[in-house]
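Coordinates from work.cif are shown below (mmCIF, C-alpha atoms and all ligand atoms).
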data_my_file
#
loop_
_atom_site.label_atom_id
_atom_site.label_comp_id
_atom_site.auth_asym_id
_atom_site.auth_seq_id
_atom_site.Cartn_x
_atom_site.Cartn_y
_atom_site.Cartn_z
CA MET A 511 -129.71 20.88 -1.22
CA ILE A 512 -132.73 19.09 -2.73
CA ASP A 513 -135.06 21.18 -0.57
CA CYS A 514 -133.25 24.33 -1.64
CA LEU A 515 -133.63 23.50 -5.33
CA LEU A 516 -137.27 22.49 -4.94
CA HIS A 517 -138.05 25.66 -3.03
CA GLU A 518 -136.42 27.84 -5.70
CA ALA A 519 -138.21 25.93 -8.45
CA ARG A 520 -141.58 26.43 -6.77
CA ALA A 521 -140.85 30.10 -6.20
CA ALA A 522 -140.08 30.47 -9.91
CA GLY A 523 -143.36 28.78 -10.86
CA VAL A 524 -141.82 25.60 -12.23
CA GLN A 525 -144.29 22.78 -12.79
CA LEU A 526 -142.81 19.44 -11.69
CA LEU A 527 -144.04 16.25 -13.35
CA ALA A 528 -141.91 13.88 -11.28
CA ARG A 529 -143.80 10.71 -12.12
CA ASN A 530 -144.11 11.41 -15.81
CA GLY A 531 -141.28 10.36 -18.09
CA ILE A 532 -140.79 11.76 -21.57
CA GLU A 533 -141.16 9.11 -24.25
CA GLN A 534 -140.90 11.09 -27.48
CA ALA A 535 -140.13 14.60 -28.71
CA ARG A 536 -141.11 16.00 -32.07
CA LYS A 537 -140.04 19.32 -33.54
CA LEU A 538 -143.05 21.20 -34.84
CA GLU A 539 -142.98 23.55 -37.81
CA SER A 540 -143.44 26.44 -35.39
CA GLY A 541 -140.06 25.55 -33.87
CA ASP A 542 -141.63 24.29 -30.63
CA PHE A 543 -141.31 20.74 -29.32
CA GLU A 544 -144.24 18.44 -28.84
CA LEU A 545 -143.53 15.98 -26.04
CA THR A 546 -145.28 12.69 -25.49
CA LEU A 547 -145.26 11.69 -21.84
CA SER A 548 -145.49 8.24 -20.32
CA ASP A 549 -149.21 8.73 -19.54
CA ARG A 550 -149.71 9.28 -23.29
CA SER A 551 -150.55 12.97 -22.78
CA THR A 552 -148.74 15.55 -24.88
CA THR A 553 -147.40 18.96 -24.06
CA VAL A 554 -145.67 21.67 -26.04
CA CYS A 555 -142.59 23.66 -25.03
CA ASP A 556 -140.40 26.13 -26.84
CA ARG A 557 -137.10 24.93 -25.35
CA LEU A 558 -136.10 21.44 -24.26
CA LEU A 559 -133.23 20.32 -22.03
CA LEU A 560 -132.43 16.61 -22.10
CA ALA A 561 -130.53 15.53 -18.95
CA THR A 562 -131.59 11.91 -18.69
CA GLY A 563 -128.26 10.44 -17.52
CA GLY A 564 -126.22 7.51 -18.87
CA SER A 565 -127.11 4.34 -20.73
CA ARG A 566 -129.25 2.89 -17.93
CA ALA A 567 -132.07 5.12 -19.19
CA PRO A 568 -131.83 4.89 -22.99
CA THR A 569 -134.91 7.01 -23.82
CA GLY A 570 -133.00 10.30 -23.66
CA ALA A 571 -130.48 9.09 -26.24
CA GLU A 572 -133.27 7.73 -28.42
CA ILE A 573 -135.02 11.11 -28.35
CA ALA A 574 -131.78 12.95 -29.19
CA GLN A 575 -131.25 10.54 -32.07
CA SER A 576 -134.81 10.98 -33.33
CA LEU A 577 -134.14 14.74 -33.43
CA GLY A 578 -131.07 14.19 -35.65
CA HIS A 579 -128.21 13.75 -33.18
CA THR A 580 -125.47 11.12 -33.35
CA ILE A 581 -125.10 8.87 -30.35
CA LEU A 582 -121.68 7.37 -29.71
CA PRO A 583 -122.30 3.80 -28.53
CA PRO A 584 -122.26 3.59 -24.74
CA VAL A 585 -119.50 1.56 -23.13
CA PRO A 586 -118.88 1.20 -19.40
CA SER A 587 -116.30 3.33 -17.68
CA LEU A 588 -114.89 3.18 -14.12
CA PHE A 589 -114.99 -0.54 -13.38
CA SER A 590 -112.90 -3.11 -11.55
CA LEU A 591 -111.07 -5.93 -13.36
CA HIS A 592 -111.63 -9.65 -13.04
CA VAL A 593 -108.48 -11.77 -12.57
CA GLU A 594 -108.46 -15.50 -11.81
CA THR A 595 -104.79 -15.83 -10.72
CA PRO A 596 -105.01 -18.00 -7.56
CA TRP A 597 -102.30 -16.28 -5.49
CA LEU A 598 -103.94 -12.91 -6.07
CA ARG A 599 -107.38 -14.29 -5.23
CA SER A 600 -106.03 -15.36 -1.83
CA LEU A 601 -105.48 -11.69 -0.86
CA PRO A 602 -108.92 -9.98 -0.86
CA GLY A 603 -108.84 -6.68 0.97
CA VAL A 604 -105.08 -6.18 0.65
CA ALA A 605 -104.21 -2.72 -0.67
CA ALA A 606 -100.96 -1.30 -2.04
CA ALA A 607 -100.54 2.45 -1.75
CA ASP A 608 -98.72 3.22 -5.00
CA VAL A 609 -98.85 0.84 -7.94
CA GLU A 610 -98.31 1.50 -11.64
CA VAL A 611 -100.77 -0.39 -13.81
CA SER A 612 -100.40 -0.58 -17.58
CA VAL A 613 -101.44 -2.56 -20.62
CA PRO A 614 -98.40 -3.74 -22.63
CA GLU A 615 -98.04 -2.28 -26.14
CA THR A 616 -100.58 0.48 -25.49
CA LYS A 617 -100.38 3.96 -23.98
CA LEU A 618 -102.66 2.94 -21.13
CA ARG A 619 -100.76 3.57 -17.91
CA GLU A 620 -101.99 4.81 -14.52
CA ARG A 621 -100.55 5.06 -11.06
CA GLY A 622 -102.08 5.15 -7.60
CA PRO A 623 -103.57 2.99 -4.84
CA LEU A 624 -104.64 -0.53 -5.85
CA LEU A 625 -107.06 -2.77 -3.99
CA ILE A 626 -107.13 -6.56 -4.37
CA THR A 627 -110.77 -7.73 -4.34
CA HIS A 628 -112.56 -11.09 -4.22
CA ASN A 629 -112.71 -10.96 -8.03
CA GLY A 630 -109.46 -9.35 -9.02
CA VAL A 631 -108.23 -5.77 -8.77
CA SER A 632 -109.82 -2.37 -8.16
CA GLY A 633 -108.91 0.94 -6.53
CA PRO A 634 -108.16 4.36 -8.02
CA ALA A 635 -105.32 3.17 -10.33
CA VAL A 636 -107.52 0.50 -11.92
CA LEU A 637 -110.63 2.68 -12.11
CA ARG A 638 -108.67 5.43 -13.85
CA LEU A 639 -107.20 2.91 -16.33
CA SER A 640 -110.73 1.67 -17.06
CA ALA A 641 -111.90 5.23 -17.70
CA TRP A 642 -109.09 6.24 -20.07
CA GLY A 643 -109.16 2.83 -21.79
CA ALA A 644 -112.96 2.41 -21.82
CA ARG A 645 -113.23 2.00 -25.60
CA GLU A 646 -110.07 -0.11 -26.13
CA LEU A 647 -110.88 -2.44 -23.26
CA ALA A 648 -114.43 -2.91 -24.60
CA GLN A 649 -113.00 -3.76 -28.04
CA TRP A 650 -110.91 -6.53 -26.44
CA ASP A 651 -113.96 -7.78 -24.58
CA TYR A 652 -112.10 -7.03 -21.35
CA LYS A 653 -109.51 -9.79 -22.00
CA PHE A 654 -105.98 -8.44 -21.92
CA PRO A 655 -102.73 -8.67 -19.93
CA LEU A 656 -102.48 -6.15 -17.08
CA ARG A 657 -98.94 -5.26 -16.03
CA LEU A 658 -98.25 -4.11 -12.46
CA ASN A 659 -95.22 -2.45 -11.01
CA TRP A 660 -95.83 -2.86 -7.30
CA MET A 661 -93.09 -0.38 -6.34
CA PRO A 662 -92.52 2.10 -9.16
CA ASP A 663 -90.25 4.41 -7.14
CA ILE A 664 -87.93 1.71 -5.83
CA ASP A 665 -84.79 0.22 -7.43
CA VAL A 666 -85.87 -3.34 -6.72
CA ALA A 667 -82.64 -5.01 -7.98
CA SER A 668 -80.58 -2.93 -5.52
CA GLU A 669 -83.01 -3.61 -2.67
CA LEU A 670 -82.77 -7.37 -3.23
CA GLN A 671 -78.95 -7.17 -3.35
CA LEU A 672 -78.91 -5.05 -0.18
CA ARG A 673 -80.89 -7.69 1.71
CA ARG A 674 -78.62 -10.46 0.46
CA ASN A 675 -75.62 -8.46 1.81
CA THR A 676 -77.04 -7.12 5.06
CA GLN A 677 -79.34 -9.88 6.30
CA PRO A 678 -78.06 -13.12 4.75
CA LYS A 679 -79.47 -15.36 7.50
CA LYS A 680 -83.02 -14.02 7.36
CA HIS A 681 -85.77 -15.83 5.50
CA VAL A 682 -86.70 -14.16 2.22
CA VAL A 683 -90.41 -14.74 2.86
CA ASN A 684 -90.24 -12.82 6.15
CA SER A 685 -88.47 -9.70 4.96
CA PRO A 686 -90.69 -7.65 2.64
CA ILE A 687 -89.51 -4.52 0.93
CA ALA A 688 -91.48 -1.60 2.37
CA PRO A 689 -94.11 -0.37 1.69
CA LEU A 690 -95.36 -3.65 0.17
CA PRO A 691 -97.88 -5.38 2.50
CA ALA A 692 -96.33 -8.49 4.12
CA ARG A 693 -99.07 -10.84 2.86
CA LEU A 694 -98.65 -9.67 -0.71
CA TRP A 695 -94.85 -10.09 -0.42
CA GLU A 696 -95.32 -13.67 0.83
CA GLN A 697 -97.50 -14.54 -2.16
CA LEU A 698 -95.10 -12.91 -4.62
CA VAL A 699 -92.18 -14.82 -3.09
CA SER A 700 -94.13 -18.05 -3.39
CA ALA A 701 -95.25 -17.23 -6.97
CA ALA A 702 -91.56 -16.69 -7.83
CA GLY A 703 -91.00 -20.33 -6.85
CA ILE A 704 -88.95 -19.47 -3.75
CA PRO A 705 -89.41 -22.08 -0.98
CA ASP A 706 -90.39 -20.69 2.46
CA GLU A 707 -87.17 -21.91 4.07
CA THR A 708 -84.94 -19.95 1.65
CA LEU A 709 -82.49 -17.55 3.31
CA TRP A 710 -81.27 -14.47 1.50
CA THR A 711 -77.80 -15.98 1.29
CA ASN A 712 -79.24 -19.06 -0.48
CA LEU A 713 -81.44 -17.18 -2.93
CA THR A 714 -80.48 -18.35 -6.42
CA ARG A 715 -79.94 -15.87 -9.22
CA ALA A 716 -82.90 -17.36 -11.15
CA HIS A 717 -85.26 -17.04 -8.17
CA SER A 718 -84.07 -13.51 -7.48
CA LEU A 719 -84.78 -12.60 -11.09
CA ASN A 720 -88.25 -14.18 -10.90
CA LEU A 721 -89.04 -12.11 -7.83
CA GLN A 722 -87.72 -8.94 -9.42
CA VAL A 723 -89.95 -9.50 -12.47
CA LEU A 724 -93.00 -10.17 -10.28
CA LEU A 725 -92.35 -7.00 -8.30
CA THR A 726 -91.82 -4.71 -11.26
CA ARG A 727 -93.48 -6.32 -14.30
CA CYS A 728 -96.08 -8.62 -12.80
CA GLU A 729 -98.49 -9.68 -15.56
CA LEU A 730 -102.01 -10.66 -14.67
CA PRO A 731 -104.40 -12.08 -17.29
CA VAL A 732 -107.61 -10.02 -17.07
CA ASP A 733 -110.64 -12.00 -18.20
CA GLY A 734 -113.53 -9.62 -17.58
CA LYS A 735 -114.77 -6.66 -15.62
CA THR A 736 -117.25 -6.11 -12.83
CA LEU A 737 -120.89 -6.69 -13.70
CA ASN A 738 -122.82 -3.95 -15.45
CA LYS A 739 -124.74 -2.75 -12.38
CA ASP A 740 -121.51 -1.98 -10.53
CA GLU A 741 -120.17 0.49 -13.08
CA PHE A 742 -120.23 4.08 -12.08
CA VAL A 743 -120.52 5.92 -15.36
CA THR A 744 -120.97 5.43 -19.09
CA CYS A 745 -118.61 6.58 -21.80
CA GLY A 746 -120.59 7.46 -24.95
CA GLY A 747 -123.72 9.49 -25.60
CA VAL A 748 -124.58 12.60 -27.60
CA ASN A 749 -121.69 13.54 -29.88
CA LEU A 750 -119.96 16.60 -28.38
CA ARG A 751 -119.24 18.05 -31.83
CA GLU A 752 -122.96 18.58 -32.23
CA VAL A 753 -123.27 20.72 -29.07
CA ASN A 754 -122.28 24.34 -28.46
CA PHE A 755 -120.41 24.19 -25.13
CA LYS A 756 -120.94 27.90 -24.44
CA THR A 757 -124.68 27.32 -24.08
CA MET A 758 -125.07 23.50 -24.22
CA GLU A 759 -127.48 24.09 -27.10
CA SER A 760 -127.66 21.65 -29.98
CA ARG A 761 -125.83 22.81 -33.12
CA LEU A 762 -128.42 20.91 -35.16
CA VAL A 763 -131.75 21.69 -33.50
CA PRO A 764 -132.38 25.23 -32.24
CA HIS A 765 -133.63 25.43 -28.62
CA LEU A 766 -132.68 21.84 -27.81
CA TYR A 767 -130.18 21.62 -24.93
CA PHE A 768 -128.18 18.84 -23.28
CA ALA A 769 -126.57 18.34 -19.89
CA GLY A 770 -124.93 15.60 -17.83
CA GLU A 771 -124.08 12.03 -18.57
CA LEU A 772 -126.34 11.86 -21.61
CA LEU A 773 -123.46 13.63 -23.36
CA ASP A 774 -120.35 11.72 -24.46
CA ILE A 775 -118.60 12.84 -21.31
CA ASP A 776 -117.20 10.70 -18.55
CA GLY A 777 -114.81 11.75 -15.87
CA ILE A 778 -112.31 9.93 -13.73
CA THR A 779 -113.08 9.22 -10.09
CA GLY A 780 -113.19 11.98 -7.50
CA GLY A 781 -116.46 13.74 -8.25
CA PHE A 782 -115.65 14.84 -11.79
CA ASN A 783 -118.83 13.26 -13.15
CA PHE A 784 -121.01 15.12 -10.72
CA GLN A 785 -119.12 18.31 -11.50
CA ALA A 786 -119.60 17.80 -15.24
CA ALA A 787 -123.34 17.20 -14.72
CA TRP A 788 -123.75 20.27 -12.54
CA THR A 789 -121.63 22.54 -14.74
CA THR A 790 -123.32 21.61 -18.01
CA GLY A 791 -126.73 21.86 -16.30
CA TRP A 792 -125.95 25.31 -15.00
CA ILE A 793 -124.69 26.52 -18.39
CA ALA A 794 -127.73 25.09 -20.18
CA GLY A 795 -130.23 26.43 -17.63
CA ARG A 796 -128.70 29.88 -17.76
CA ALA A 797 -128.62 29.96 -21.55
CA MET A 798 -132.24 28.83 -21.73
CA GLY A 799 -133.31 31.45 -19.21
CA LEU A 800 -131.41 34.28 -20.88
CA GLY A 801 -132.53 33.12 -24.32
CA SER A 802 -136.22 33.75 -23.96
CA ALA A 803 -137.60 35.45 -20.95
CA GLY A 804 -141.23 34.58 -20.33
CA ALA A 805 -141.31 31.44 -22.48
CA SER A 806 -141.86 27.90 -21.20
CA PRO A 807 -138.85 25.59 -21.21
CA ALA A 808 -139.14 21.87 -20.37
CA VAL A 809 -136.41 20.03 -18.51
CA PHE A 810 -136.41 16.26 -18.52
CA GLY A 811 -133.95 14.38 -16.37
CA ALA A 812 -131.93 15.72 -13.48
CA PRO A 813 -129.82 18.82 -13.24
CA PRO A 814 -126.26 18.04 -14.26
CA LYS A 815 -120.89 17.21 -14.51
CA THR A 816 -114.85 18.52 -14.63
CA PHE A 817 -115.04 16.21 -17.40
CA ARG A 818 -112.94 15.12 -20.28
CA GLU A 819 -113.83 14.66 -23.88
CA ARG A 820 -112.93 11.56 -25.83
C1 LIG A 901 -122.91 3.54 -7.99
C2 LIG A 901 -122.47 4.87 -8.58
C3 LIG A 901 -121.52 5.64 -7.91
C4 LIG A 901 -121.10 6.84 -8.45
N1 LIG A 901 -120.15 7.58 -7.80
C5 LIG A 901 -119.75 8.74 -8.32
C6 LIG A 901 -118.77 9.54 -7.64
O1 LIG A 901 -118.29 9.18 -6.56
N2 LIG A 901 -118.37 10.70 -8.21
C7 LIG A 901 -118.89 11.13 -9.42
O2 LIG A 901 -118.50 12.19 -9.88
N3 LIG A 901 -119.82 10.40 -10.07
C8 LIG A 901 -120.26 9.23 -9.56
N4 LIG A 901 -121.20 8.50 -10.23
C9 LIG A 901 -121.71 9.03 -11.51
C10 LIG A 901 -122.75 10.13 -11.28
O3 LIG A 901 -123.76 9.66 -10.41
C11 LIG A 901 -123.39 10.48 -12.62
O4 LIG A 901 -122.39 10.80 -13.59
C12 LIG A 901 -124.32 11.68 -12.47
O5 LIG A 901 -125.31 11.43 -11.51
C13 LIG A 901 -125.00 11.95 -13.80
O6 LIG A 901 -125.91 13.00 -13.61
P1 LIG A 901 -127.06 13.23 -14.67
O7 LIG A 901 -127.90 14.31 -14.10
O8 LIG A 901 -126.53 13.39 -16.03
O9 LIG A 901 -127.88 11.85 -14.69
P2 LIG A 901 -128.64 11.09 -13.52
O10 LIG A 901 -128.14 11.47 -12.19
O11 LIG A 901 -128.63 9.67 -13.95
O12 LIG A 901 -130.12 11.67 -13.62
C14 LIG A 901 -130.92 11.43 -14.77
C15 LIG A 901 -132.37 11.60 -14.35
O13 LIG A 901 -133.16 11.57 -15.53
C16 LIG A 901 -134.29 10.78 -15.29
N5 LIG A 901 -134.76 10.26 -16.58
C17 LIG A 901 -134.17 9.32 -17.37
N6 LIG A 901 -134.90 9.11 -18.47
C18 LIG A 901 -135.98 9.93 -18.38
C19 LIG A 901 -137.09 10.17 -19.23
N7 LIG A 901 -137.27 9.53 -20.38
N8 LIG A 901 -138.03 11.06 -18.83
C20 LIG A 901 -137.87 11.74 -17.64
N9 LIG A 901 -136.82 11.58 -16.81
C21 LIG A 901 -135.89 10.67 -17.17
C22 LIG A 901 -133.80 9.70 -14.36
O14 LIG A 901 -134.88 9.13 -13.67
C23 LIG A 901 -132.87 10.47 -13.45
O15 LIG A 901 -133.56 11.07 -12.38
C24 LIG A 901 -121.64 7.31 -9.69
C25 LIG A 901 -122.62 6.55 -10.34
C26 LIG A 901 -123.03 5.33 -9.79
C27 LIG A 901 -124.08 4.54 -10.53
#

Encoded form using structure tokens:
Amino acid sequence: MIDCLLHEARAAGVQLLARNGIEQARKLESGDFELTLSDRSTTVCDRLLLATGGSRAPTGAEIAQSLGHTILPPVPSLFSLHVETPWLRSLPGVAAADVEVSVPETKLRERGPLLITHNGVSGPAVLRLSAWGARELAQWDYKFPLRLNWMPDIDVASELQLRRNTQPKKHVVNSPIAPLPARLWEQLVSAAGIPDETLWTNLTRAHSLNLQVLLTRCELPVDGKTLNKDEFVTCGGVNLREVNFKTMESRLVPHLYFAGELLDIDGITGGFNFQAAWTTGWIAGRAMGLGSAGASPAVFGAPPKTFRER
């Protein structure tokens, strides 16, 4: 695909300055842009597309700001959560296929596969929660209670009663409710204070209630997120209100265009960020091309991403 794009670019006479970053952009009275490159040389173009990615490369946002745009402060999106709880930490690599994760007293609620890691919890359900809650979670400095329903489709109280009735002489610790992984069940049974030797017939009402709560409303104290370099995307960037989405042109500065993660766009997992980058890049490129045949546009950054607006 890279070769294909490079070939087409060459065929169209595009000049590539791959080792030359843009450091500044100034709007001239003529309406053109004067660009200062990292080798201190300057060049002039009549249209400018900024596609410099997320907050790891801040120059693009600084240039947009210097041209009058508002930058919504970048916060991480799509990250795993750090949890110290010892019984959970003893289960790295264990995955549950369908878990509902939520933050009490908020609207944040997601459902899907969950992976227990060396540091806490990850997997699609957690990553999606981190994307939709990116700003709230940042405000709380990533310290909040995370509630898990390990089996959202199952009437856990009835399942526990069924086992008490049908297999009274079996050990509780050895008879998990499917589809919960056996090792996770063992730890939940232990966390509920149920001794290993307990048979279903001997399970006290209090212990049964503890287990039911841990299975359906298990609260884990989150005390951080994965380190910055592990995050996939950034929430924040150029304010979408200041961009015409039909052309990706700035509403404030004529002939200035934006694409990709530099915009305040971040998608959930599954390729939506790439799609948003590619789609906005295509729209911008097309609008620039149709806008002024024969002129000389400058594109800094990479081509662009289904996305959602905040
Ligand atoms: C580890 C990881 C995994 C990911 N996995 C997925 C995934 O599975 N699915 C998904 O949809 N998304 C994923 N993403 C996110 C996705 O990669 C980005 O959203 C997407 O690449 C953004 O595209 P972009 O073109 O806007 O920016 P980028 O791909 O970041 O490209 C920006 C380009 O601009 C250049 N640049 C920056 N500043 C300047 C400057 N001043 N002058 C000149 N050039 C400059 C940079 O060198 C870079 O080449 C992942 C990201 C990471 C980090």

**OP:** For segment 593-608 of chain A, please output as a PyMOL selection string all residues within 6 Å (counting only C-alpha atoms; exclusion window: fewer than 4 positions along the same chain).
**Re:** chain A and resi 622-628+630+732

To test the calculation: enclose all listed atoms of segment 772-781 of chain A in a box whose edges run along x, y and z, add 4 Å on each side, then state centre and edge lengths in Å to one decimal, as JSON.
{"center_x": -119.3, "center_y": 11.5, "center_z": -16.0, "size_x": 22.0, "size_y": 12.5, "size_z": 25.0}

Subject >> Nearest to Val613 of chain A by atom-to-atom distance, counting all atoms listed in the file, from A:Arg674, A:Arg693, A:Arg727, A:Arg550 >> reply: A:Arg727

Original post:
So which residues touch Val682 of chain A within 7 Å, counting only C-alpha atoms, skipping near sequence neighbours fewer than 4 positions away, as a list in words?
Top reply: Thr708, Leu709 and Trp710 of chain A

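Interatomic distance, atom CA of Glu615 of chain A to atom CA of Ala648 of chain A: 16.5 Å.
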
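Checking A:Gly633, A:Pro662, A:Gly563, A:Pro655 one by one against ligand LIG 901 (chain A), counting only C-alpha atoms and all ligand atoms, you find the shortest gap at A:Gly563.
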
Residues within 12 Å of Ile664 of chain A, please, as a PDB file with C-alpha atoms, keeping the file's coordinate frame. Count only C-alpha atoms; anything in the same chain fewer than 5 positions from it doesn't count.
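This went into out-v7.pdb:
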ATOM      1  CA  ASP A 608     -98.720   3.220  -5.000  1.00  0.00           C
ATOM      2  CA  VAL A 609     -98.850   0.840  -7.940  1.00  0.00           C
ATOM      3  CA  GLU A 610     -98.310   1.500 -11.640  1.00  0.00           C
ATOM      4  CA  ASN A 659     -95.220  -2.450 -11.010  1.00  0.00           C
ATOM      5  CA  GLU A 669     -83.010  -3.610  -2.670  1.00  0.00           C
ATOM      6  CA  LEU A 670     -82.770  -7.370  -3.230  1.00  0.00           C
ATOM      7  CA  ILE A 687     -89.510  -4.520   0.930  1.00  0.00           C
ATOM      8  CA  ALA A 688     -91.480  -1.600   2.370  1.00  0.00           C
ATOM      9  CA  PRO A 689     -94.110  -0.370   1.690  1.00  0.00           C
ATOM     10  CA  LEU A 690     -95.360  -3.650   0.170  1.00  0.00           C
ATOM     11  CA  GLN A 722     -87.720  -8.940  -9.420  1.00  0.00           C
ATOM     12  CA  LEU A 725     -92.350  -7.000  -8.300  1.00  0.00           C
ATOM     13  CA  THR A 726     -91.820  -4.710 -11.260  1.00  0.00           C
TER      14      THR A 726
END

When you look at Asn720 of chain A with a cut-off of 9 Å (counting all atoms listed in the file), what residues show up, excluding the ones that are within fewer than 5 positions of it in the same chain? I need them as a PDB file with C-alpha atoms, in the frame of the given file.
ATOM      1  CA  VAL A 699     -92.180 -14.820  -3.090  1.00  0.00           C
ATOM      2  CA  ALA A 701     -95.250 -17.230  -6.970  1.00  0.00           C
ATOM      3  CA  ALA A 702     -91.560 -16.690  -7.830  1.00  0.00           C
ATOM      4  CA  GLY A 703     -91.000 -20.330  -6.850  1.00  0.00           C
ATOM      5  CA  ILE A 704     -88.950 -19.470  -3.750  1.00  0.00           C
ATOM      6  CA  ARG A 715     -79.940 -15.870  -9.220  1.00  0.00           C
ATOM      7  CA  LEU A 725     -92.350  -7.000  -8.300  1.00  0.00           C
TER       8      LEU A 725
END

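Excluding Thr757 of chain A and any residue on its chain fewer than 5 positions from it, the residues at most 6 Å away by only C-alpha atoms are Ile793, Ala794 and Ala797 of chain A.
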
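Counting from atom C20 of ligand LIG 901 (chain A), the distance to atom CA of Ile532 of chain A is 4.9 Å.
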
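The smallest atom-to-atom distance between ligand LIG 901 (chain A) and any of A:Pro584, A:Gly523, A:Pro568, A:Pro634, using all atoms listed in the file, is found for A:Pro568.
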
Original post:
What gap, in Å, lies between atom CA of Gln534 of chain A and atom CA of Ala574 of chain A?
Top reply: 9.5 Å

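With only C-alpha atoms and all ligand atoms as the basis for measurement, A:Phe782 is the residue among A:Phe782, A:Phe755, A:Trp695, A:Trp792 that approaches ligand LIG 901 (chain A) most closely.
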
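Distances here use only C-alpha atoms; by that measure, the residue among A:Leu515, A:Ile778, A:Leu588, A:Met798 closest to Glu759 of chain A is A:Met798.
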
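In this comparison, which uses all atoms listed in the file, the residue of A:Ala535, A:Ala692, A:Leu698, A:Val631 approaching Thr553 of chain A most closely is A:Ala535.
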
Interface rows for segment 517-634 of chain A against segment 638-647 of chain A: nearest pair, Å to one decimal, 7 Å, all atoms listed in the file, as JSON lines:
{"residue": "A:Val585", "atom": "CA", "partner": "A:Ala644", "partner_atom": "CA", "distance": 6.7}
{"residue": "A:Pro586", "atom": "CA", "partner": "A:Ala644", "partner_atom": "CA", "distance": 6.5}
{"residue": "A:Ser587", "atom": "CA", "partner": "A:Ala641", "partner_atom": "CA", "distance": 4.8}
{"residue": "A:Leu588", "atom": "CA", "partner": "A:Ala641", "partner_atom": "CA", "distance": 5.1}
{"residue": "A:Phe589", "atom": "CA", "partner": "A:Ser640", "partner_atom": "CA", "distance": 6.0}
{"residue": "A:Leu618", "atom": "CA", "partner": "A:Gly643", "partner_atom": "CA", "distance": 6.5}
{"residue": "A:Arg619", "atom": "CA", "partner": "A:Leu639", "partner_atom": "CA", "distance": 6.7}
{"residue": "A:Glu620", "atom": "CA", "partner": "A:Leu639", "partner_atom": "CA", "distance": 5.8}
{"residue": "A:Pro634", "atom": "CA", "partner": "A:Arg638", "partner_atom": "CA", "distance": 5.9}

How about completing segment 555-559 of chain A with all heavy atoms and giving it to me as a PDB file, in the frame of the given file?
ATOM      1  N   CYS A 555    -143.515  22.715 -25.671  1.00  0.00           N
ATOM      2  CA  CYS A 555    -142.590  23.660 -25.030  1.00  0.00           C
ATOM      3  C   CYS A 555    -141.739  24.308 -26.116  1.00  0.00           C
ATOM      4  O   CYS A 555    -141.603  23.766 -27.207  1.00  0.00           O
ATOM      5  CB  CYS A 555    -141.707  22.951 -24.018  1.00  0.00           C
ATOM      6  SG  CYS A 555    -140.686  21.680 -24.759  1.00  0.00           S
ATOM      7  N   ASP A 556    -141.203  25.478 -25.795  1.00  0.00           N
ATOM      8  CA  ASP A 556    -140.400  26.130 -26.840  1.00  0.00           C
ATOM      9  C   ASP A 556    -138.904  25.862 -26.661  1.00  0.00           C
ATOM     10  O   ASP A 556    -138.111  26.147 -27.554  1.00  0.00           O
ATOM     11  CB  ASP A 556    -140.706  27.633 -26.919  1.00  0.00           C
ATOM     12  CG  ASP A 556    -140.282  28.379 -25.679  1.00  0.00           C
ATOM     13  OD1 ASP A 556    -139.821  27.723 -24.721  1.00  0.00           O
ATOM     14  OD2 ASP A 556    -140.415  29.617 -25.660  1.00  0.00           O
ATOM     15  N   ARG A 557    -138.504  25.345 -25.522  1.00  0.00           N
ATOM     16  CA  ARG A 557    -137.100  24.930 -25.350  1.00  0.00           C
ATOM     17  C   ARG A 557    -137.084  23.632 -24.546  1.00  0.00           C
ATOM     18  O   ARG A 557    -137.923  23.440 -23.657  1.00  0.00           O
ATOM     19  CB  ARG A 557    -136.287  25.996 -24.618  1.00  0.00           C
ATOM     20  CG  ARG A 557    -135.862  27.135 -25.518  1.00  0.00           C
ATOM     21  CD  ARG A 557    -135.618  28.390 -24.740  1.00  0.00           C
ATOM     22  NE  ARG A 557    -136.846  28.823 -24.096  1.00  0.00           N
ATOM     23  CZ  ARG A 557    -136.905  29.283 -22.858  1.00  0.00           C
ATOM     24  NH1 ARG A 557    -135.829  29.378 -22.119  1.00  0.00           N
ATOM     25  NH2 ARG A 557    -138.048  29.650 -22.341  1.00  0.00           N
ATOM     26  N   LEU A 558    -136.132  22.775 -24.871  1.00  0.00           N
ATOM     27  CA  LEU A 558    -136.100  21.440 -24.260  1.00  0.00           C
ATOM     28  C   LEU A 558    -134.680  21.103 -23.825  1.00  0.00           C
ATOM     29  O   LEU A 558    -133.742  21.187 -24.624  1.00  0.00           O
ATOM     30  CB  LEU A 558    -136.600  20.413 -25.286  1.00  0.00           C
ATOM     31  CG  LEU A 558    -136.535  18.940 -24.890  1.00  0.00           C
ATOM     32  CD1 LEU A 558    -137.438  18.659 -23.677  1.00  0.00           C
ATOM     33  CD2 LEU A 558    -136.972  18.055 -26.069  1.00  0.00           C
ATOM     34  N   LEU A 559    -134.537  20.776 -22.543  1.00  0.00           N
ATOM     35  CA  LEU A 559    -133.230  20.320 -22.030  1.00  0.00           C
ATOM     36  C   LEU A 559    -133.326  18.838 -21.731  1.00  0.00           C
ATOM     37  O   LEU A 559    -134.153  18.418 -20.922  1.00  0.00           O
ATOM     38  CB  LEU A 559    -132.864  21.085 -20.754  1.00  0.00           C
ATOM     39  CG  LEU A 559    -131.694  20.527 -19.923  1.00  0.00           C
ATOM     40  CD1 LEU A 559    -130.404  20.489 -20.730  1.00  0.00           C
ATOM     41  CD2 LEU A 559    -131.487  21.373 -18.663  1.00  0.00           C
TER      42      LEU A 559
END
